[in-house]
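Undergrad: Below is a structure I'd like to ask you about.
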Amino acid sequence: MSFSVTILGSNSALPTSERYPTAQMLNVSERFFLIDCGEGTQMQLRKYKVKFSRINHIFISHLHGDHIFGLMGLISTLGLLGRKNDLHIFAHPDLEKLLQPQIDYYCADLPYKVVFKPIDPRHQQVIFEDDKVTVETIPLKHRIPACGYLFRQKPAPLKVRKACIDQFELSIAEIVKIKNGCDLRLEDGTIIPNCELTEPSIPGYSYAFCSDTRYFEKLSTMVKDVDLLYHESTFTNADEQLARKTTHSTAEQAALTAKNANAKQLIIGHFSARHRDLSPYLEEAKNVFPNTQLALEGITFDVTKTQTK
Ligand SMILES: [Zn+2]
């Protein structure tokens, strides 16, 4: 079961010649989700060879420009590419008010429908679910309403061992029951437990995207035991005052949340444009949470391979 996240943009506020603003592409069991859509996201999608047509759902954390300025361009391009399927955008209700007039003006003959899915970023709730994945909001504390997203992959269905099918001459009905977790009762009354009849199950993994937010303790409980945590770290401790003033986090605070959450791995991003060299961020975070990496553009993190260090 695939589960990976590709970083398309990792900067805050100002795009630089080296780093684009926030955007990430998630593949959960072949569902492709775009998270945030900073300016230039469509160029990054091209660069990292993501098929535009596979994106059916976009999740927007909040309505600051560095997280949404790429949306209008992407919506227009999808129309020019002849898209027919609905495009679902989960975001604060104001996004529709902001974007619909632009869609009406620039894309009057858009060949597909943009479906706005208003969410309440103040509450933790499941906003999307299908047979492979659930998506839950994570209320954050920022200057304007903001939320992160917790993606939970559902465990793979149980597989019945081929040898058992032959040995017990299982009927289709029996196989279905075993796949649903039932034991097998033989004619002589012997019970064969489910775990002896099935392959070891593959667990579902989880990914939490948390941007933008100031540090607050409760966040770690909302992402408890997550496999991979993305947490913004706009500043380092040297700019702690600025982080506080702009409701952002430092690398150390991101690491503290990962540690308290018992996350397996942390990736940090949303770097301030004032830092060309990102090593101070990494060093600071690793002091608190060793299994940290920079969320650099073009890197794909495999959520199924995250391990505690
Ligand atoms: Zn923001």
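Going through the structure tokens in order, the chains are called A, B, and so on, while each chain numbers its residues from 1 and the ligands are numbered from 1 in the order shown.
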List all protein, DNA and RNA residues that have at least one atom no more than 10 Å from any atom of ligand 1, counting only C-alpha atoms and all ligand atoms, and write them as a PyMOL selection string.

TA: chain A and resi 12-13+61-67+142-146+211-213+246-248+270

Undergrad: Please produce a file of those selected residues containing N, CA and C atoms, as a PDB file, in the first residue's frame.

TA:
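What ended up in again.pdb:
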ATOM      1  N   SER A  12       8.010  30.130   3.487  1.00  0.00           N
ATOM      2  CA  SER A  12       6.899  30.928   4.002  1.00  0.00           C
ATOM      3  C   SER A  12       6.854  32.235   3.218  1.00  0.00           C
ATOM      4  N   ALA A  13       5.741  32.902   3.315  1.00  0.00           N
ATOM      5  CA  ALA A  13       5.528  34.265   2.800  1.00  0.00           C
ATOM      6  C   ALA A  13       6.140  34.545   1.425  1.00  0.00           C
ATOM      7  N   SER A  61      -5.011  24.803   4.128  1.00  0.00           N
ATOM      8  CA  SER A  61      -4.895  24.982   5.590  1.00  0.00           C
ATOM      9  C   SER A  61      -5.486  26.309   6.053  1.00  0.00           C
ATOM     10  N   HIS A  62      -5.247  27.378   5.303  1.00  0.00           N
ATOM     11  CA  HIS A  62      -5.794  28.691   5.667  1.00  0.00           C
ATOM     12  C   HIS A  62      -5.619  29.644   4.484  1.00  0.00           C
ATOM     13  N   LEU A  63      -6.199  30.827   4.621  1.00  0.00           N
ATOM     14  CA  LEU A  63      -6.305  31.698   3.452  1.00  0.00           C
ATOM     15  C   LEU A  63      -5.236  32.786   3.394  1.00  0.00           C
ATOM     16  N   HIS A  64      -4.063  32.536   3.919  1.00  0.00           N
ATOM     17  CA  HIS A  64      -2.939  33.437   3.646  1.00  0.00           C
ATOM     18  C   HIS A  64      -2.426  33.145   2.239  1.00  0.00           C
ATOM     19  N   GLY A  65      -2.010  34.233   1.548  1.00  0.00           N
ATOM     20  CA  GLY A  65      -1.672  34.115   0.131  1.00  0.00           C
ATOM     21  C   GLY A  65      -0.622  33.073  -0.191  1.00  0.00           C
ATOM     22  N   ASP A  66       0.359  32.905   0.697  1.00  0.00           N
ATOM     23  CA  ASP A  66       1.436  31.948   0.380  1.00  0.00           C
ATOM     24  C   ASP A  66       0.951  30.497   0.419  1.00  0.00           C
ATOM     25  N   HIS A  67      -0.332  30.287   0.747  1.00  0.00           N
ATOM     26  CA  HIS A  67      -0.874  28.923   0.737  1.00  0.00           C
ATOM     27  C   HIS A  67      -1.941  28.730  -0.343  1.00  0.00           C
ATOM     28  N   HIS A 142      -3.310  30.381  14.709  1.00  0.00           N
ATOM     29  CA  HIS A 142      -2.618  31.275  13.797  1.00  0.00           C
ATOM     30  C   HIS A 142      -3.359  32.622  13.814  1.00  0.00           C
ATOM     31  N   ARG A 143      -2.861  33.602  13.064  1.00  0.00           N
ATOM     32  CA  ARG A 143      -3.492  34.925  13.082  1.00  0.00           C
ATOM     33  C   ARG A 143      -4.913  34.896  12.516  1.00  0.00           C
ATOM     34  N   ILE A 144      -5.145  34.004  11.573  1.00  0.00           N
ATOM     35  CA  ILE A 144      -6.483  33.846  10.996  1.00  0.00           C
ATOM     36  C   ILE A 144      -6.876  32.373  11.187  1.00  0.00           C
ATOM     37  N   PRO A 145      -8.158  32.015  11.012  1.00  0.00           N
ATOM     38  CA  PRO A 145      -8.545  30.613  11.188  1.00  0.00           C
ATOM     39  C   PRO A 145      -7.679  29.685  10.330  1.00  0.00           C
ATOM     40  N   ALA A 146      -7.143  28.651  10.952  1.00  0.00           N
ATOM     41  CA  ALA A 146      -6.228  27.740  10.233  1.00  0.00           C
ATOM     42  C   ALA A 146      -6.376  26.334  10.795  1.00  0.00           C
ATOM     43  N   SER A 211       0.531  23.387   9.441  1.00  0.00           N
ATOM     44  CA  SER A 211       1.068  24.672   9.030  1.00  0.00           C
ATOM     45  C   SER A 211      -0.117  25.598   8.850  1.00  0.00           C
ATOM     46  N   ASP A 212      -0.121  26.822   9.299  1.00  0.00           N
ATOM     47  CA  ASP A 212       0.846  27.530  10.133  1.00  0.00           C
ATOM     48  C   ASP A 212       0.279  27.589  11.545  1.00  0.00           C
ATOM     49  N   THR A 213       1.158  27.669  12.525  1.00  0.00           N
ATOM     50  CA  THR A 213       0.670  27.710  13.898  1.00  0.00           C
ATOM     51  C   THR A 213       1.746  28.186  14.866  1.00  0.00           C
ATOM     52  N   THR A 246       4.263  36.721  15.128  1.00  0.00           N
ATOM     53  CA  THR A 246       3.600  36.390  13.855  1.00  0.00           C
ATOM     54  C   THR A 246       2.823  35.071  13.931  1.00  0.00           C
ATOM     55  N   THR A 247       2.659  34.553  15.143  1.00  0.00           N
ATOM     56  CA  THR A 247       1.981  33.255  15.395  1.00  0.00           C
ATOM     57  C   THR A 247       2.545  32.136  14.519  1.00  0.00           C
ATOM     58  N   HIS A 248       3.855  32.009  14.578  1.00  0.00           N
ATOM     59  CA  HIS A 248       4.529  30.885  13.930  1.00  0.00           C
ATOM     60  C   HIS A 248       5.335  30.111  14.974  1.00  0.00           C
ATOM     61  N   HIS A 270       8.310  25.526   5.752  1.00  0.00           N
ATOM     62  CA  HIS A 270       7.764  26.882   5.869  1.00  0.00           C
ATOM     63  C   HIS A 270       8.841  27.834   6.387  1.00  0.00           C
TER      64      HIS A 270
END

Undergrad: Can you tell me, as an MDAnalysis selection string, which residues in region 147-218 of chain A count as helix (DSSP H, G or I) by DSSP?

TA: chainID A and resid 162:167 172:179 194:197 218

Undergrad: Give me the residues within 9 Å of Ile89 (chain A) as an mmCIF file with N, CA and C atoms, in the first residue's frame, counting only C-alpha atoms and dropping any in the same chain fewer than 3 places off.

TA:
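Okay, this is what ended up in around_37.cif:
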data_model
loop_
_atom_site.group_PDB
_atom_site.id
_atom_site.type_symbol
_atom_site.label_atom_id
_atom_site.label_comp_id
_atom_site.auth_asym_id
_atom_site.auth_seq_id
_atom_site.Cartn_x
_atom_site.Cartn_y
_atom_site.Cartn_z
ATOM 1 N N ASN A 56 -7.861 15.047 -7.461
ATOM 2 C CA ASN A 56 -9.304 15.281 -7.371
ATOM 3 C C ASN A 56 -9.687 16.024 -6.098
ATOM 4 N N HIS A 57 -8.748 16.085 -5.144
ATOM 5 C CA HIS A 57 -9.045 16.721 -3.856
ATOM 6 C C HIS A 57 -7.890 17.631 -3.457
ATOM 7 N N ILE A 58 -8.237 18.836 -3.036
ATOM 8 C CA ILE A 58 -7.231 19.786 -2.552
ATOM 9 C C ILE A 58 -7.634 20.211 -1.141
ATOM 10 N N PHE A 59 -6.660 20.206 -0.233
ATOM 11 C CA PHE A 59 -6.928 20.591 1.157
ATOM 12 C C PHE A 59 -6.126 21.858 1.467
ATOM 13 N N ILE A 60 -6.833 22.931 1.831
ATOM 14 C CA ILE A 60 -6.195 24.222 2.092
ATOM 15 C C ILE A 60 -6.194 24.496 3.601
ATOM 16 N N VAL A 114 -15.773 23.080 -10.069
ATOM 17 C CA VAL A 114 -15.007 23.233 -8.825
ATOM 18 C C VAL A 114 -16.016 23.170 -7.684
ATOM 19 N N VAL A 115 -15.862 22.152 -6.843
ATOM 20 C CA VAL A 115 -16.802 21.962 -5.735
ATOM 21 C C VAL A 115 -16.132 22.419 -4.446
ATOM 22 N N PHE A 116 -16.627 23.505 -3.885
ATOM 23 C CA PHE A 116 -16.045 24.010 -2.637
ATOM 24 C C PHE A 116 -16.645 23.243 -1.461
ATOM 25 N N LYS A 117 -15.772 22.752 -0.612
ATOM 26 C CA LYS A 117 -16.209 21.992 0.566
ATOM 27 C C LYS A 117 -15.838 22.818 1.794
ATOM 28 N N PRO A 118 -16.758 23.619 2.301
ATOM 29 C CA PRO A 118 -16.418 24.480 3.432
ATOM 30 C C PRO A 118 -16.138 23.669 4.697
#

Undergrad: Which one of A:Ile165, A:Ile75, A:Ala258, A:Ala91 sits closest to Asp104 (chain A) if you count only C-alpha atoms?

TA: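 Residue with the minimum atom-to-atom distance to Asp104 (chain A): A:Ile75.
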
Undergrad: Report as a list of chain:residue names: the residues of region 87-117 of chain A with a DSSP assignment of strand (DSSP E or B), based on the backbone of this structure.

TA: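 The residues of region 87-117 of chain A classed as strand (DSSP E or B) are A:Leu87, A:His88, A:Ile89, A:Phe90, A:Ala91, A:Val114, A:Val115, A:Phe116, A:Lys117.
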
Undergrad: Could you pull the residues within 9 Å of Arg31 (chain A), counting only C-alpha atoms, minus those fewer than 4 positions along the same chain, as number ranges by chain?

TA: A: 26-27, 54-57, 132-133

Undergrad: Okay, now the selection with C-alpha atoms, as a compact mmCIF listing (two decimals), in the first residue's frame?

TA:
# COMPACT_ATOMS: atom_id res chain seq x y z
CA LEU A 26 0.20 13.20 -1.02
CA ASN A 27 -0.32 9.71 -2.39
CA ARG A 54 -4.95 12.52 -10.79
CA ILE A 55 -5.65 15.38 -8.39
CA ASN A 56 -9.30 15.28 -7.37
CA HIS A 57 -9.04 16.72 -3.86
CA LYS A 132 -8.77 3.73 1.71
CA VAL A 133 -8.37 6.81 3.89

Undergrad: Which one of A:Arg19, A:Asn237, A:Tyr230, A:Leu242 sits closest to Leu294 (chain A) if you count only C-alpha atoms?

TA: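 Closest to Leu294 (chain A), using only C-alpha atoms: A:Tyr230.
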
Undergrad: I'd like a table as JSON lines: residues in region 139-172 of chain A with an atom no more than 12 Å from region 182-194 of chain A, each row giving the shortest atom pair and its distance in Å to one decimal, only C-alpha atoms counted, sorted by chain and rising residue number.

TA:
{"residue": "A:Leu158", "atom": "CA", "partner": "A:Asn194", "partner_atom": "CA", "distance": 9.6}
{"residue": "A:Lys159", "atom": "CA", "partner": "A:Asn194", "partner_atom": "CA", "distance": 10.5}
{"residue": "A:Val160", "atom": "CA", "partner": "A:Asn194", "partner_atom": "CA", "distance": 9.0}
{"residue": "A:Arg161", "atom": "CA", "partner": "A:Asn194", "partner_atom": "CA", "distance": 10.5}
{"residue": "A:Cys164", "atom": "CA", "partner": "A:Ile192", "partner_atom": "CA", "distance": 10.2}
{"residue": "A:Ile165", "atom": "CA", "partner": "A:Leu184", "partner_atom": "CA", "distance": 11.2}
{"residue": "A:Gln167", "atom": "CA", "partner": "A:Leu186", "partner_atom": "CA", "distance": 11.6}
{"residue": "A:Phe168", "atom": "CA", "partner": "A:Leu186", "partner_atom": "CA", "distance": 8.4}
{"residue": "A:Glu169", "atom": "CA", "partner": "A:Leu186", "partner_atom": "CA", "distance": 10.8}
{"residue": "A:Leu170", "atom": "CA", "partner": "A:Leu184", "partner_atom": "CA", "distance": 9.4}
{"residue": "A:Ser171", "atom": "CA", "partner": "A:Leu184", "partner_atom": "CA", "distance": 11.3}

Undergrad: Go ahead and write the residues just picked, C-alpha atoms, as a PDB file, in the first residue's frame.

TA:
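result-v8.pdb, freshly written:
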ATOM      1  CA  LEU A 158      -7.018  -9.445   5.417  1.00  0.00           C
ATOM      2  CA  LYS A 159      -5.692 -11.913   2.867  1.00  0.00           C
ATOM      3  CA  VAL A 160      -6.558 -15.603   3.287  1.00  0.00           C
ATOM      4  CA  ARG A 161      -3.537 -17.922   2.948  1.00  0.00           C
ATOM      5  CA  CYS A 164      -5.508 -22.778   3.927  1.00  0.00           C
ATOM      6  CA  ILE A 165      -7.966 -22.380   1.056  1.00  0.00           C
ATOM      7  CA  GLN A 167      -6.303 -27.528   2.933  1.00  0.00           C
ATOM      8  CA  PHE A 168      -9.797 -26.733   4.250  1.00  0.00           C
ATOM      9  CA  GLU A 169     -11.430 -26.533   0.803  1.00  0.00           C
ATOM     10  CA  LEU A 170     -12.895 -23.171   1.726  1.00  0.00           C
ATOM     11  CA  SER A 171     -16.049 -21.966  -0.001  1.00  0.00           C
TER      12      SER A 171
END

Undergrad: Write out as a PyMOL selection string the residues lying within 12 Å of Leu282 (chain A), counting only C-alpha atoms and excluding same-chain residues fewer than 5 positions away.

TA: chain A and resi 233-237+250-252+254-255+266-269+271+277+287-296

Undergrad: Under the rule that only C-alpha atoms are counted, which of A:Leu34, A:Ser279, A:Val226, A:Glu232 is the nearest residue to Lys259 (chain A)?

TA: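 Of A:Leu34, A:Ser279, A:Val226, A:Glu232, the one nearest Lys259 (chain A) is A:Val226, counting only C-alpha atoms.
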
Undergrad: Please identify all polymer residues within 8 Å of region 4-9 of chain A, counting only C-alpha atoms, omitting same-chain residues fewer than 3 positions from it, and present them as a PyMOL selection string.

TA: chain A and resi 19-28+38+41+44-45+48+295-304

Undergrad: Could you take the residues named above and write them with C-alpha atoms, as a CSV table (one decimal), in the first residue's frame?

TA:
chain,number,residue,atom,x,y,z
A,19,ARG,CA,12.3,27.9,-2.7
A,20,TYR,CA,8.6,28.0,-3.5
A,21,PRO,CA,5.8,28.6,-1.0
A,22,THR,CA,3.9,25.8,0.6
A,23,ALA,CA,2.5,22.9,-1.4
A,24,GLN,CA,2.7,19.1,-1.0
A,25,MET,CA,1.4,16.2,-3.0
A,26,LEU,CA,0.2,13.2,-1.0
A,27,ASN,CA,-0.3,9.7,-2.4
A,28,VAL,CA,-2.4,7.6,0.0
A,38,GLY,CA,1.2,28.4,-3.0
A,41,THR,CA,2.5,25.0,-7.5
A,44,GLN,CA,6.4,22.3,-9.4
A,45,LEU,CA,3.8,19.6,-10.3
A,48,TYR,CA,8.3,16.6,-10.2
A,295,ALA,CA,11.0,19.2,4.0
A,296,LEU,CA,13.0,20.2,0.9
A,297,GLU,CA,11.4,20.6,-2.5
A,298,GLY,CA,11.5,17.5,-4.7
A,299,ILE,CA,12.0,15.1,-1.8
A,300,THR,CA,9.4,12.3,-1.5
A,301,PHE,CA,9.0,10.9,2.0
A,302,ASP,CA,7.7,7.3,2.2
A,303,VAL,CA,5.3,7.3,5.2
A,304,THR,CA,5.4,3.4,5.3

Undergrad: Quick one, how far is CA of Thr221 (chain A) from CA of Asp239 (chain A)?

TA: 26.0 Å

Undergrad: Quick one: residues within 6 Å of region 149-152 of chain A, only C-alpha atoms, excluding same-chain residues fewer than 2 positions away - as a list in words?

TA: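 Residues near the query, excluding close chain neighbours: Val133, Thr134, Val135, Glu136, Thr137, Ile138, Ser206, Tyr207, Ala208 and Phe209 of chain A.
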
Undergrad: Store the residues picked out above in a file with N, CA and C atoms, as a CSV table (one decimal), in the first residue's frame.

TA:
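Saved the output as part13.csv:
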chain,number,residue,atom,x,y,z
A,133,VAL,N,-9.0,5.8,3.1
A,133,VAL,CA,-8.4,6.8,3.9
A,133,VAL,C,-9.4,7.7,4.6
A,134,THR,N,-9.0,8.2,5.8
A,134,THR,CA,-9.9,9.2,6.4
A,134,THR,C,-9.0,10.5,6.5
A,135,VAL,N,-9.7,11.7,6.4
A,135,VAL,CA,-9.0,12.9,6.6
A,135,VAL,C,-9.7,13.7,7.7
A,136,GLU,N,-8.9,14.2,8.6
A,136,GLU,CA,-9.4,14.8,9.8
A,136,GLU,C,-8.8,16.2,9.9
A,137,THR,N,-9.6,17.2,10.3
A,137,THR,CA,-9.0,18.5,10.6
A,137,THR,C,-8.2,18.6,11.9
A,138,ILE,N,-7.2,19.4,12.0
A,138,ILE,CA,-6.5,19.7,13.2
A,138,ILE,C,-6.5,21.2,13.4
A,206,SER,N,-0.1,6.9,9.1
A,206,SER,CA,-0.7,8.2,9.2
A,206,SER,C,0.3,9.4,9.0
A,207,TYR,N,-0.3,10.4,8.5
A,207,TYR,CA,0.6,11.6,8.1
A,207,TYR,C,-0.2,12.9,8.6
A,208,ALA,N,0.5,13.7,9.4
A,208,ALA,CA,-0.1,15.0,9.9
A,208,ALA,C,0.6,16.2,9.2
A,209,PHE,N,-0.2,17.1,8.7
A,209,PHE,CA,0.3,18.3,8.1
A,209,PHE,C,-0.1,19.5,9.0
